[in-house]
2 protein chains.
Amino acid sequence: MQTRISQYRKERKVTQEELADAVNVTRQTIISLESGKYKASLVLAHKIAQFFGVAIEEMFIFDKEDENL
Amino acid sequence: MQTRISQYRKERKVTQEELADAVNVTRQTIISLESGKYKASLVLAHKIAQFFGVAIEEMFIFDKEDENL
DNA sequence: TTTAAAAGTAAGGTAAACTTTACATATAAG
DNA sequence: CTTATATGTAAAGTTTACCTTACTTTTAAA
């Protein structure tokens, strides 16, 4: 599963820490999501999408490999 | 967090088991999501929304209480 | 009114999302 | 070169999404 987190973040010149604070998680969580270490929860996905003003499906890109949860 | 899973499911006359099979989880998982026992993962939310042909934000309703993940 | 299908409840287990802490590297400005 | 800011890595711990199994209740149709 791909995300546009780092792309959107850089475009809008937001640091990982700023984003982490805005959505109320640690910087580690943002790093892990950006690096694909694990997938966001639904609520976190929603908060991140909201932060950037886009739909969840636009921030998070679901591939065929995501047959598995 | 509220969901429209059972609403959409009844409207379209789909059983819990049919939905479970379609998105590749157990019936227990559907029951637990409908009863609010826990929240869907992002991928599962996407599959359920896709099954019903709507956006994630339409199937899953995020309230203020969802400040917590 | 019996039966079958659908829905619900309960409990123990696994995997993964997220946390915390601490240290390392990169980048750029002074 | 030094310092500050941003990014990255690692590891151990907690919580929770999801699974499996098994049993109970509701609904509706024969």
# chains A, B, ... in the order shown; residues from 1 in each chain; ligands from 1

call {"tool": "residues_around", "arguments": {"residues": "segment 6-10 of chain C", "least_positions_apart": "4", "cutoff": "9 Å", "atoms": "only C-alpha atoms (C1' of nucleotides)", "output": "PyMOL selection string"}}
result
(chain B and resi 15-17+31) or (chain D and resi 23-27)

call {"tool": "write_last_selection", "arguments": {"atoms": "N, CA and C atoms (P, O5', C5', C4', C3', O3' and C1' of nucleotides)", "output": "PDB file, in the first residue's frame"}}
result
ATOM      1  N   THR B  15     -26.328 -10.759   3.327  1.00  0.00           N
ATOM      2  CA  THR B  15     -26.165 -11.289   4.687  1.00  0.00           C
ATOM      3  C   THR B  15     -24.756 -10.976   5.202  1.00  0.00           C
ATOM      4  N   GLN B  16     -24.597 -11.067   6.515  1.00  0.00           N
ATOM      5  CA  GLN B  16     -23.283 -10.834   7.113  1.00  0.00           C
ATOM      6  C   GLN B  16     -22.259 -11.796   6.519  1.00  0.00           C
ATOM      7  N   GLU B  17     -22.713 -13.017   6.309  1.00  0.00           N
ATOM      8  CA  GLU B  17     -21.792 -14.016   5.783  1.00  0.00           C
ATOM      9  C   GLU B  17     -21.365 -13.694   4.340  1.00  0.00           C
ATOM     10  N   ILE B  31     -19.806  -8.764  12.318  1.00  0.00           N
ATOM     11  CA  ILE B  31     -20.638  -8.531  13.506  1.00  0.00           C
ATOM     12  C   ILE B  31     -19.985  -7.500  14.421  1.00  0.00           C
TER      13      ILE B  31
ATOM     14  P    DC D  23     -20.331 -26.532  21.601  1.00  0.00           P
ATOM     15  O5'  DC D  23     -21.463 -25.660  22.292  1.00  0.00           O
ATOM     16  C5'  DC D  23     -21.106 -24.750  23.343  1.00  0.00           C
ATOM     17  C4'  DC D  23     -21.992 -23.507  23.277  1.00  0.00           C
ATOM     18  C3'  DC D  23     -23.486 -23.833  23.093  1.00  0.00           C
ATOM     19  O3'  DC D  23     -24.229 -23.247  24.150  1.00  0.00           O
ATOM     20  C1'  DC D  23     -22.805 -22.083  21.667  1.00  0.00           C
ATOM     21  P    DT D  24     -25.823 -23.484  24.292  1.00  0.00           P
ATOM     22  O5'  DT D  24     -26.457 -22.055  23.973  1.00  0.00           O
ATOM     23  C5'  DT D  24     -25.958 -20.887  24.629  1.00  0.00           C
ATOM     24  C4'  DT D  24     -26.672 -19.662  24.074  1.00  0.00           C
ATOM     25  C3'  DT D  24     -28.198 -19.817  23.993  1.00  0.00           C
ATOM     26  O3'  DT D  24     -28.782 -18.627  24.513  1.00  0.00           O
ATOM     27  C1'  DT D  24     -27.337 -19.168  21.894  1.00  0.00           C
ATOM     28  P    DT D  25     -30.334 -18.524  24.796  1.00  0.00           P
ATOM     29  O5'  DT D  25     -30.834 -17.538  23.640  1.00  0.00           O
ATOM     30  C5'  DT D  25     -30.257 -16.241  23.548  1.00  0.00           C
ATOM     31  C4'  DT D  25     -30.657 -15.614  22.225  1.00  0.00           C
ATOM     32  C3'  DT D  25     -32.171 -15.583  21.982  1.00  0.00           C
ATOM     33  O3'  DT D  25     -32.488 -14.261  21.589  1.00  0.00           O
ATOM     34  C1'  DT D  25     -31.068 -16.427  20.105  1.00  0.00           C
ATOM     35  P    DT D  26     -33.992 -13.701  21.740  1.00  0.00           P
ATOM     36  O5'  DT D  26     -34.312 -13.198  20.256  1.00  0.00           O
ATOM     37  C5'  DT D  26     -33.309 -12.486  19.546  1.00  0.00           C
ATOM     38  C4'  DT D  26     -33.504 -12.683  18.060  1.00  0.00           C
ATOM     39  C3'  DT D  26     -34.947 -12.501  17.582  1.00  0.00           C
ATOM     40  O3'  DT D  26     -34.916 -11.412  16.682  1.00  0.00           O
ATOM     41  C1'  DT D  26     -33.922 -14.378  16.560  1.00  0.00           C
ATOM     42  P    DT D  27     -36.293 -10.738  16.126  1.00  0.00           P
ATOM     43  O5'  DT D  27     -36.473 -11.414  14.702  1.00  0.00           O
ATOM     44  C5'  DT D  27     -35.324 -11.540  13.862  1.00  0.00           C
ATOM     45  C4'  DT D  27     -35.692 -12.324  12.618  1.00  0.00           C
ATOM     46  C3'  DT D  27     -37.161 -12.199  12.196  1.00  0.00           C
ATOM     47  O3'  DT D  27     -37.183 -11.848  10.827  1.00  0.00           O
ATOM     48  C1'  DT D  27     -36.521 -14.473  12.293  1.00  0.00           C
TER      49       DT D  27
END

call {"tool": "residues_around", "arguments": {"residues": "segment 37-51 of chain A", "least_positions_apart": "2", "cutoff": "6 Å", "atoms": "only C-alpha atoms (C1' of nucleotides)", "output": "list in words"}}
result
Val23, Ser32, Leu33, Ser35, Gly53, Val54, Ala55 and Ile56 of chain A; Ser41, Leu42 and Leu69 of chain B

call {"tool": "calpha_fit_and_write", "arguments": {"fixed": "chain B", "moving": "chain A", "output": "PDB file with N, CA and C atoms, in the first residue's frame"}}
result
ATOM      1  N   MET A   1     -17.297   5.897  16.810  1.00  0.00           N
ATOM      2  CA  MET A   1     -17.361   5.886  15.354  1.00  0.00           C
ATOM      3  C   MET A   1     -18.528   5.048  14.854  1.00  0.00           C
ATOM      4  N   GLN A   2     -19.318   5.635  14.026  1.00  0.00           N
ATOM      5  CA  GLN A   2     -20.476   4.930  13.477  1.00  0.00           C
ATOM      6  C   GLN A   2     -20.170   4.413  12.082  1.00  0.00           C
ATOM      7  N   THR A   3     -20.902   3.370  11.692  1.00  0.00           N
ATOM      8  CA  THR A   3     -20.755   2.884  10.324  1.00  0.00           C
ATOM      9  C   THR A   3     -22.132   2.651   9.721  1.00  0.00           C
ATOM     10  N   ARG A   4     -22.168   2.610   8.416  1.00  0.00           N
ATOM     11  CA  ARG A   4     -23.429   2.344   7.730  1.00  0.00           C
ATOM     12  C   ARG A   4     -23.429   0.936   7.166  1.00  0.00           C
ATOM     13  N   ILE A   5     -22.580   0.087   7.715  1.00  0.00           N
ATOM     14  CA  ILE A   5     -22.453  -1.262   7.176  1.00  0.00           C
ATOM     15  C   ILE A   5     -23.793  -1.995   7.211  1.00  0.00           C
ATOM     16  N   SER A   6     -24.397  -2.054   8.388  1.00  0.00           N
ATOM     17  CA  SER A   6     -25.622  -2.848   8.472  1.00  0.00           C
ATOM     18  C   SER A   6     -26.749  -2.197   7.678  1.00  0.00           C
ATOM     19  N   GLN A   7     -26.763  -0.874   7.676  1.00  0.00           N
ATOM     20  CA  GLN A   7     -27.762  -0.156   6.872  1.00  0.00           C
ATOM     21  C   GLN A   7     -27.656  -0.524   5.382  1.00  0.00           C
ATOM     22  N   TYR A   8     -26.459  -0.367   4.827  1.00  0.00           N
ATOM     23  CA  TYR A   8     -26.247  -0.683   3.413  1.00  0.00           C
ATOM     24  C   TYR A   8     -26.488  -2.166   3.135  1.00  0.00           C
ATOM     25  N   ARG A   9     -26.070  -2.976   4.089  1.00  0.00           N
ATOM     26  CA  ARG A   9     -26.201  -4.416   3.914  1.00  0.00           C
ATOM     27  C   ARG A   9     -27.673  -4.804   3.807  1.00  0.00           C
ATOM     28  N   LYS A  10     -28.485  -4.244   4.684  1.00  0.00           N
ATOM     29  CA  LYS A  10     -29.909  -4.579   4.658  1.00  0.00           C
ATOM     30  C   LYS A  10     -30.593  -4.022   3.422  1.00  0.00           C
ATOM     31  N   GLU A  11     -30.240  -2.781   3.074  1.00  0.00           N
ATOM     32  CA  GLU A  11     -30.817  -2.175   1.879  1.00  0.00           C
ATOM     33  C   GLU A  11     -30.589  -3.049   0.647  1.00  0.00           C
ATOM     34  N   ARG A  12     -29.414  -3.639   0.602  1.00  0.00           N
ATOM     35  CA  ARG A  12     -29.084  -4.434  -0.590  1.00  0.00           C
ATOM     36  C   ARG A  12     -29.282  -5.924  -0.367  1.00  0.00           C
ATOM     37  N   LYS A  13     -29.884  -6.243   0.776  1.00  0.00           N
ATOM     38  CA  LYS A  13     -30.213  -7.628   1.090  1.00  0.00           C
ATOM     39  C   LYS A  13     -29.003  -8.562   0.975  1.00  0.00           C
ATOM     40  N   VAL A  14     -27.958  -8.149   1.648  1.00  0.00           N
ATOM     41  CA  VAL A  14     -26.734  -8.962   1.703  1.00  0.00           C
ATOM     42  C   VAL A  14     -26.623  -9.492   3.128  1.00  0.00           C
ATOM     43  N   THR A  15     -26.315 -10.749   3.295  1.00  0.00           N
ATOM     44  CA  THR A  15     -26.160 -11.295   4.646  1.00  0.00           C
ATOM     45  C   THR A  15     -24.762 -10.976   5.160  1.00  0.00           C
ATOM     46  N   GLN A  16     -24.602 -11.085   6.466  1.00  0.00           N
ATOM     47  CA  GLN A  16     -23.288 -10.851   7.069  1.00  0.00           C
ATOM     48  C   GLN A  16     -22.258 -11.806   6.480  1.00  0.00           C
ATOM     49  N   GLU A  17     -22.704 -13.023   6.262  1.00  0.00           N
ATOM     50  CA  GLU A  17     -21.783 -14.031   5.739  1.00  0.00           C
ATOM     51  C   GLU A  17     -21.361 -13.702   4.308  1.00  0.00           C
ATOM     52  N   GLU A  18     -22.293 -13.253   3.502  1.00  0.00           N
ATOM     53  CA  GLU A  18     -21.959 -12.885   2.127  1.00  0.00           C
ATOM     54  C   GLU A  18     -20.950 -11.741   2.107  1.00  0.00           C
ATOM     55  N   LEU A  19     -21.211 -10.757   2.940  1.00  0.00           N
ATOM     56  CA  LEU A  19     -20.281  -9.626   3.005  1.00  0.00           C
ATOM     57  C   LEU A  19     -18.915 -10.087   3.511  1.00  0.00           C
ATOM     58  N   ALA A  20     -18.931 -10.884   4.567  1.00  0.00           N
ATOM     59  CA  ALA A  20     -17.677 -11.401   5.119  1.00  0.00           C
ATOM     60  C   ALA A  20     -16.876 -12.128   4.047  1.00  0.00           C
ATOM     61  N   ASP A  21     -17.542 -12.996   3.298  1.00  0.00           N
ATOM     62  CA  ASP A  21     -16.863 -13.738   2.238  1.00  0.00           C
ATOM     63  C   ASP A  21     -16.322 -12.786   1.177  1.00  0.00           C
ATOM     64  N   ALA A  22     -17.139 -11.806   0.811  1.00  0.00           N
ATOM     65  CA  ALA A  22     -16.752 -10.883  -0.253  1.00  0.00           C
ATOM     66  C   ALA A  22     -15.497 -10.098   0.104  1.00  0.00           C
ATOM     67  N   VAL A  23     -15.348  -9.734   1.364  1.00  0.00           N
ATOM     68  CA  VAL A  23     -14.191  -8.930   1.748  1.00  0.00           C
ATOM     69  C   VAL A  23     -13.141  -9.766   2.464  1.00  0.00           C
ATOM     70  N   ASN A  24     -13.407 -11.079   2.496  1.00  0.00           N
ATOM     71  CA  ASN A  24     -12.403 -12.017   2.982  1.00  0.00           C
ATOM     72  C   ASN A  24     -12.054 -11.889   4.468  1.00  0.00           C
ATOM     73  N   VAL A  25     -13.084 -11.754   5.271  1.00  0.00           N
ATOM     74  CA  VAL A  25     -12.902 -11.836   6.721  1.00  0.00           C
ATOM     75  C   VAL A  25     -13.952 -12.813   7.250  1.00  0.00           C
ATOM     76  N   THR A  26     -13.926 -13.048   8.547  1.00  0.00           N
ATOM     77  CA  THR A  26     -14.928 -13.938   9.123  1.00  0.00           C
ATOM     78  C   THR A  26     -16.206 -13.166   9.419  1.00  0.00           C
ATOM     79  N   ARG A  27     -17.274 -13.914   9.614  1.00  0.00           N
ATOM     80  CA  ARG A  27     -18.545 -13.310   9.958  1.00  0.00           C
ATOM     81  C   ARG A  27     -18.428 -12.568  11.281  1.00  0.00           C
ATOM     82  N   GLN A  28     -17.636 -13.102  12.173  1.00  0.00           N
ATOM     83  CA  GLN A  28     -17.392 -12.450  13.459  1.00  0.00           C
ATOM     84  C   GLN A  28     -16.902 -11.021  13.292  1.00  0.00           C
ATOM     85  N   THR A  29     -16.024 -10.838  12.340  1.00  0.00           N
ATOM     86  CA  THR A  29     -15.465  -9.508  12.103  1.00  0.00           C
ATOM     87  C   THR A  29     -16.571  -8.549  11.688  1.00  0.00           C
ATOM     88  N   ILE A  30     -17.432  -8.966  10.794  1.00  0.00           N
ATOM     89  CA  ILE A  30     -18.545  -8.108  10.362  1.00  0.00           C
ATOM     90  C   ILE A  30     -19.447  -7.771  11.541  1.00  0.00           C
ATOM     91  N   ILE A  31     -19.793  -8.800  12.313  1.00  0.00           N
ATOM     92  CA  ILE A  31     -20.631  -8.576  13.492  1.00  0.00           C
ATOM     93  C   ILE A  31     -19.988  -7.542  14.419  1.00  0.00           C
ATOM     94  N   SER A  32     -18.705  -7.719  14.660  1.00  0.00           N
ATOM     95  CA  SER A  32     -18.000  -6.815  15.575  1.00  0.00           C
ATOM     96  C   SER A  32     -17.956  -5.391  15.048  1.00  0.00           C
ATOM     97  N   LEU A  33     -17.792  -5.236  13.746  1.00  0.00           N
ATOM     98  CA  LEU A  33     -17.785  -3.894  13.172  1.00  0.00           C
ATOM     99  C   LEU A  33     -19.173  -3.268  13.274  1.00  0.00           C
ATOM    100  N   GLU A  34     -20.187  -4.044  12.945  1.00  0.00           N
ATOM    101  CA  GLU A  34     -21.556  -3.518  12.986  1.00  0.00           C
ATOM    102  C   GLU A  34     -21.974  -3.143  14.404  1.00  0.00           C
ATOM    103  N   SER A  35     -21.514  -3.938  15.356  1.00  0.00           N
ATOM    104  CA  SER A  35     -21.920  -3.670  16.738  1.00  0.00           C
ATOM    105  C   SER A  35     -20.993  -2.671  17.417  1.00  0.00           C
ATOM    106  N   GLY A  36     -20.017  -2.169  16.682  1.00  0.00           N
ATOM    107  CA  GLY A  36     -19.129  -1.163  17.238  1.00  0.00           C
ATOM    108  C   GLY A  36     -18.121  -1.696  18.237  1.00  0.00           C
ATOM    109  N   LYS A  37     -17.912  -3.023  18.201  1.00  0.00           N
ATOM    110  CA  LYS A  37     -16.965  -3.602  19.155  1.00  0.00           C
ATOM    111  C   LYS A  37     -15.544  -3.106  18.868  1.00  0.00           C
ATOM    112  N   TYR A  38     -15.221  -2.988  17.621  1.00  0.00           N
ATOM    113  CA  TYR A  38     -13.953  -2.365  17.261  1.00  0.00           C
ATOM    114  C   TYR A  38     -14.032  -1.763  15.872  1.00  0.00           C
ATOM    115  N   LYS A  39     -12.976  -1.056  15.499  1.00  0.00           N
ATOM    116  CA  LYS A  39     -12.978  -0.312  14.247  1.00  0.00           C
ATOM    117  C   LYS A  39     -12.275  -1.092  13.150  1.00  0.00           C
ATOM    118  N   ALA A  40     -12.738  -0.925  11.933  1.00  0.00           N
ATOM    119  CA  ALA A  40     -12.119  -1.612  10.803  1.00  0.00           C
ATOM    120  C   ALA A  40     -10.711  -1.092  10.554  1.00  0.00           C
ATOM    121  N   SER A  41      -9.878  -1.956  10.023  1.00  0.00           N
ATOM    122  CA  SER A  41      -8.573  -1.491   9.538  1.00  0.00           C
ATOM    123  C   SER A  41      -8.818  -0.694   8.265  1.00  0.00           C
ATOM    124  N   LEU A  42      -7.804   0.040   7.845  1.00  0.00           N
ATOM    125  CA  LEU A  42      -7.937   0.865   6.642  1.00  0.00           C
ATOM    126  C   LEU A  42      -8.244   0.017   5.413  1.00  0.00           C
ATOM    127  N   VAL A  43      -7.537  -1.079   5.272  1.00  0.00           N
ATOM    128  CA  VAL A  43      -7.735  -1.927   4.090  1.00  0.00           C
ATOM    129  C   VAL A  43      -9.128  -2.553   4.101  1.00  0.00           C
ATOM    130  N   LEU A  44      -9.544  -3.019   5.273  1.00  0.00           N
ATOM    131  CA  LEU A  44     -10.879  -3.612   5.354  1.00  0.00           C
ATOM    132  C   LEU A  44     -11.952  -2.561   5.083  1.00  0.00           C
ATOM    133  N   ALA A  45     -11.760  -1.377   5.623  1.00  0.00           N
ATOM    134  CA  ALA A  45     -12.705  -0.284   5.384  1.00  0.00           C
ATOM    135  C   ALA A  45     -12.824  -0.021   3.887  1.00  0.00           C
ATOM    136  N   HIS A  46     -11.682  -0.025   3.232  1.00  0.00           N
ATOM    137  CA  HIS A  46     -11.665   0.210   1.788  1.00  0.00           C
ATOM    138  C   HIS A  46     -12.409  -0.885   1.030  1.00  0.00           C
ATOM    139  N   LYS A  47     -12.194  -2.128   1.433  1.00  0.00           N
ATOM    140  CA  LYS A  47     -12.852  -3.241   0.748  1.00  0.00           C
ATOM    141  C   LYS A  47     -14.365  -3.210   0.944  1.00  0.00           C
ATOM    142  N   ILE A  48     -14.780  -2.876   2.157  1.00  0.00           N
ATOM    143  CA  ILE A  48     -16.216  -2.809   2.427  1.00  0.00           C
ATOM    144  C   ILE A  48     -16.848  -1.660   1.646  1.00  0.00           C
ATOM    145  N   ALA A  49     -16.188  -0.511   1.666  1.00  0.00           N
ATOM    146  CA  ALA A  49     -16.703   0.641   0.919  1.00  0.00           C
ATOM    147  C   ALA A  49     -16.802   0.302  -0.567  1.00  0.00           C
ATOM    148  N   GLN A  50     -15.752  -0.352  -1.072  1.00  0.00           N
ATOM    149  CA  GLN A  50     -15.737  -0.734  -2.486  1.00  0.00           C
ATOM    150  C   GLN A  50     -16.871  -1.697  -2.814  1.00  0.00           C
ATOM    151  N   PHE A  51     -17.080  -2.641  -1.902  1.00  0.00           N
ATOM    152  CA  PHE A  51     -18.142  -3.629  -2.105  1.00  0.00           C
ATOM    153  C   PHE A  51     -19.478  -2.939  -2.328  1.00  0.00           C
ATOM    154  N   PHE A  52     -19.716  -1.875  -1.572  1.00  0.00           N
ATOM    155  CA  PHE A  52     -20.980  -1.159  -1.695  1.00  0.00           C
ATOM    156  C   PHE A  52     -20.891   0.012  -2.678  1.00  0.00           C
ATOM    157  N   GLY A  53     -19.710   0.197  -3.235  1.00  0.00           N
ATOM    158  CA  GLY A  53     -19.552   1.235  -4.252  1.00  0.00           C
ATOM    159  C   GLY A  53     -19.617   2.654  -3.731  1.00  0.00           C
ATOM    160  N   VAL A  54     -19.150   2.846  -2.491  1.00  0.00           N
ATOM    161  CA  VAL A  54     -19.140   4.202  -1.942  1.00  0.00           C
ATOM    162  C   VAL A  54     -17.757   4.542  -1.402  1.00  0.00           C
ATOM    163  N   ALA A  55     -17.548   5.794  -1.022  1.00  0.00           N
ATOM    164  CA  ALA A  55     -16.268   6.214  -0.457  1.00  0.00           C
ATOM    165  C   ALA A  55     -16.199   5.793   1.010  1.00  0.00           C
ATOM    166  N   ILE A  56     -14.983   5.619   1.488  1.00  0.00           N
ATOM    167  CA  ILE A  56     -14.771   5.237   2.884  1.00  0.00           C
ATOM    168  C   ILE A  56     -15.495   6.196   3.817  1.00  0.00           C
ATOM    169  N   GLU A  57     -15.367   7.488   3.542  1.00  0.00           N
ATOM    170  CA  GLU A  57     -15.980   8.490   4.406  1.00  0.00           C
ATOM    171  C   GLU A  57     -17.501   8.408   4.420  1.00  0.00           C
ATOM    172  N   GLU A  58     -18.069   7.718   3.437  1.00  0.00           N
ATOM    173  CA  GLU A  58     -19.522   7.600   3.438  1.00  0.00           C
ATOM    174  C   GLU A  58     -19.962   6.378   4.243  1.00  0.00           C
ATOM    175  N   MET A  59     -19.137   5.363   4.254  1.00  0.00           N
ATOM    176  CA  MET A  59     -19.458   4.145   5.005  1.00  0.00           C
ATOM    177  C   MET A  59     -19.151   4.315   6.485  1.00  0.00           C
ATOM    178  N   PHE A  60     -18.077   5.052   6.777  1.00  0.00           N
ATOM    179  CA  PHE A  60     -17.625   5.187   8.156  1.00  0.00           C
ATOM    180  C   PHE A  60     -17.728   6.639   8.571  1.00  0.00           C
ATOM    181  N   ILE A  61     -18.422   6.860   9.684  1.00  0.00           N
ATOM    182  CA  ILE A  61     -18.703   8.221  10.106  1.00  0.00           C
ATOM    183  C   ILE A  61     -17.846   8.566  11.319  1.00  0.00           C
ATOM    184  N   PHE A  62     -16.971   9.511  11.124  1.00  0.00           N
ATOM    185  CA  PHE A  62     -16.030   9.886  12.163  1.00  0.00           C
ATOM    186  C   PHE A  62     -16.606  10.988  13.036  1.00  0.00           C
ATOM    187  N   ASP A  63     -16.731  10.716  14.326  1.00  0.00           N
ATOM    188  CA  ASP A  63     -17.230  11.741  15.235  1.00  0.00           C
ATOM    189  C   ASP A  63     -16.058  12.380  15.963  1.00  0.00           C
ATOM    190  N   LYS A  64     -16.388  13.394  16.729  1.00  0.00           N
ATOM    191  CA  LYS A  64     -15.371  14.094  17.505  1.00  0.00           C
ATOM    192  C   LYS A  64     -14.681  13.147  18.487  1.00  0.00           C
ATOM    193  N   GLU A  65     -15.458  12.196  18.987  1.00  0.00           N
ATOM    194  CA  GLU A  65     -14.888  11.265  19.972  1.00  0.00           C
ATOM    195  C   GLU A  65     -13.737  10.455  19.371  1.00  0.00           C
ATOM    196  N   ASP A  66     -13.654  10.460  18.064  1.00  0.00           N
ATOM    197  CA  ASP A  66     -12.607   9.697  17.418  1.00  0.00           C
ATOM    198  C   ASP A  66     -11.282  10.445  17.389  1.00  0.00           C
ATOM    199  N   GLU A  67     -11.111  11.355  18.321  1.00  0.00           N
ATOM    200  CA  GLU A  67      -9.808  11.986  18.485  1.00  0.00           C
ATOM    201  C   GLU A  67      -8.767  10.907  18.746  1.00  0.00           C
ATOM    202  N   ASN A  68      -9.164   9.943  19.557  1.00  0.00           N
ATOM    203  CA  ASN A  68      -8.311   8.783  19.822  1.00  0.00           C
ATOM    204  C   ASN A  68      -8.327   7.863  18.608  1.00  0.00           C
ATOM    205  N   LEU A  69      -7.185   7.208  18.416  1.00  0.00           N
ATOM    206  CA  LEU A  69      -7.095   6.281  17.288  1.00  0.00           C
ATOM    207  C   LEU A  69      -7.924   5.051  17.605  1.00  0.00           C
TER     208      LEU A  69
END

call {"tool": "closest_residue", "arguments": {"among": "C:DA17, C:DA24, C:DG12, C:DA5", "to": "DT21 of chain D", "atoms": "only C-alpha atoms (C1' of nucleotides)"}}
result
C:DG12

call {"tool": "interface_residues", "arguments": {"of": "chain C", "to": "chain A", "cutoff": "12 Å", "atoms": "only C-alpha atoms (C1' of nucleotides)", "output": "JSON, numbers by chain"}}
result
{"C": [15, 16, 17, 18, 19, 20, 21]}

call {"tool": "closest_residue", "arguments": {"among": "D:DA10, D:DA29, D:DA17, D:DA4", "to": "chain B", "atoms": "only C-alpha atoms (C1' of nucleotides)"}}
result
D:DA17

call {"tool": "interface_residues", "arguments": {"of": "chain D", "to": "chain A", "cutoff": "12 Å", "atoms": "only C-alpha atoms (C1' of nucleotides)", "output": "VMD selection string"}}
result
chain D and resid 5 to 10 16 to 18

call {"tool": "write_last_selection", "arguments": {"atoms": "N, CA and C atoms (P, O5', C5', C4', C3', O3' and C1' of nucleotides)", "output": "CSV table (one decimal), in the first residue's frame"}}
result
chain,number,residue,atom,x,y,z
D,5,DT,P,16.4,25.0,16.4
D,5,DT,O5',15.8,24.3,15.1
D,5,DT,C5',16.1,24.8,13.8
D,5,DT,C4',15.9,23.7,12.8
D,5,DT,C3',14.6,22.8,13.1
D,5,DT,O3',13.9,22.7,11.9
D,5,DT,C1',16.5,21.5,12.6
D,6,DA,P,12.4,22.0,11.9
D,6,DA,O5',12.7,20.7,11.0
D,6,DA,C5',13.4,20.8,9.8
D,6,DA,C4',13.7,19.5,9.2
D,6,DA,C3',12.6,18.4,9.4
D,6,DA,O3',12.4,17.9,8.1
D,6,DA,C1',14.7,17.6,10.2
D,7,DT,P,11.3,16.7,7.9
D,7,DT,O5',12.3,15.4,8.0
D,7,DT,C5',13.3,15.2,7.1
D,7,DT,C4',14.1,14.0,7.4
D,7,DT,C3',13.3,12.7,7.5
D,7,DT,O3',13.7,11.8,6.5
D,7,DT,C1',14.9,12.8,9.3
D,8,DG,P,13.0,10.4,6.3
D,8,DG,O5',13.9,9.4,7.2
D,8,DG,C5',15.3,9.2,6.8
D,8,DG,C4',16.0,8.3,7.9
D,8,DG,C3',15.2,7.0,8.2
D,8,DG,O3',16.1,5.9,7.8
D,8,DG,C1',15.9,8.1,10.2
D,9,DT,P,15.5,4.4,7.9
D,9,DT,O5',16.7,3.6,8.7
D,9,DT,C5',17.5,4.4,9.6
D,9,DT,C4',17.9,3.5,10.8
D,9,DT,C3',17.2,2.2,10.9
D,9,DT,O3',18.1,1.2,11.5
D,9,DT,C1',16.8,3.5,12.8
D,10,DA,P,17.7,-0.3,11.6
D,10,DA,O5',17.6,-0.6,13.2
D,10,DA,C5',18.5,0.1,14.0
D,10,DA,C4',18.1,-0.3,15.5
D,10,DA,C3',17.3,-1.5,15.6
D,10,DA,O3',17.8,-2.3,16.7
D,10,DA,C1',16.1,0.3,16.6
D,16,DT,P,-7.1,-0.1,23.1
D,16,DT,O5',-7.4,-0.9,21.7
D,16,DT,C5',-6.7,-0.4,20.5
D,16,DT,C4',-6.9,-1.4,19.4
D,16,DT,C3',-8.2,-2.1,19.4
D,16,DT,O3',-8.5,-2.4,18.0
D,16,DT,C1',-6.6,-3.7,19.5
D,17,DA,P,-9.7,-1.8,17.3
D,17,DA,O5',-9.6,-2.4,15.8
D,17,DA,C5',-8.5,-2.2,15.0
D,17,DA,C4',-8.1,-3.4,14.3
D,17,DA,C3',-9.2,-4.2,13.6
D,17,DA,O3',-8.7,-4.6,12.3
D,17,DA,C1',-8.0,-5.7,15.0
D,18,DC,P,-9.8,-5.2,11.2
D,18,DC,O5',-9.8,-6.7,11.4
D,18,DC,C5',-8.6,-7.4,11.0
D,18,DC,C4',-8.6,-8.8,11.6
D,18,DC,C3',-9.9,-9.6,11.3
D,18,DC,O3',-9.6,-10.6,10.3
D,18,DC,C1',-9.0,-10.0,13.5

call {"tool": "closest_residue", "arguments": {"among": "C:DA22, C:DT3, C:DT14, C:DG30", "to": "DC1 of chain D", "atoms": "only C-alpha atoms (C1' of nucleotides)"}}
result
C:DG30

call {"tool": "select_by_dssp", "arguments": {"residues": "segment 3-60 of chain B", "states": "alpha helix (DSSP H)", "output": "PyMOL selection string"}}
result
chain B and resi 5-11+16-23+27-34+42-52+56-59
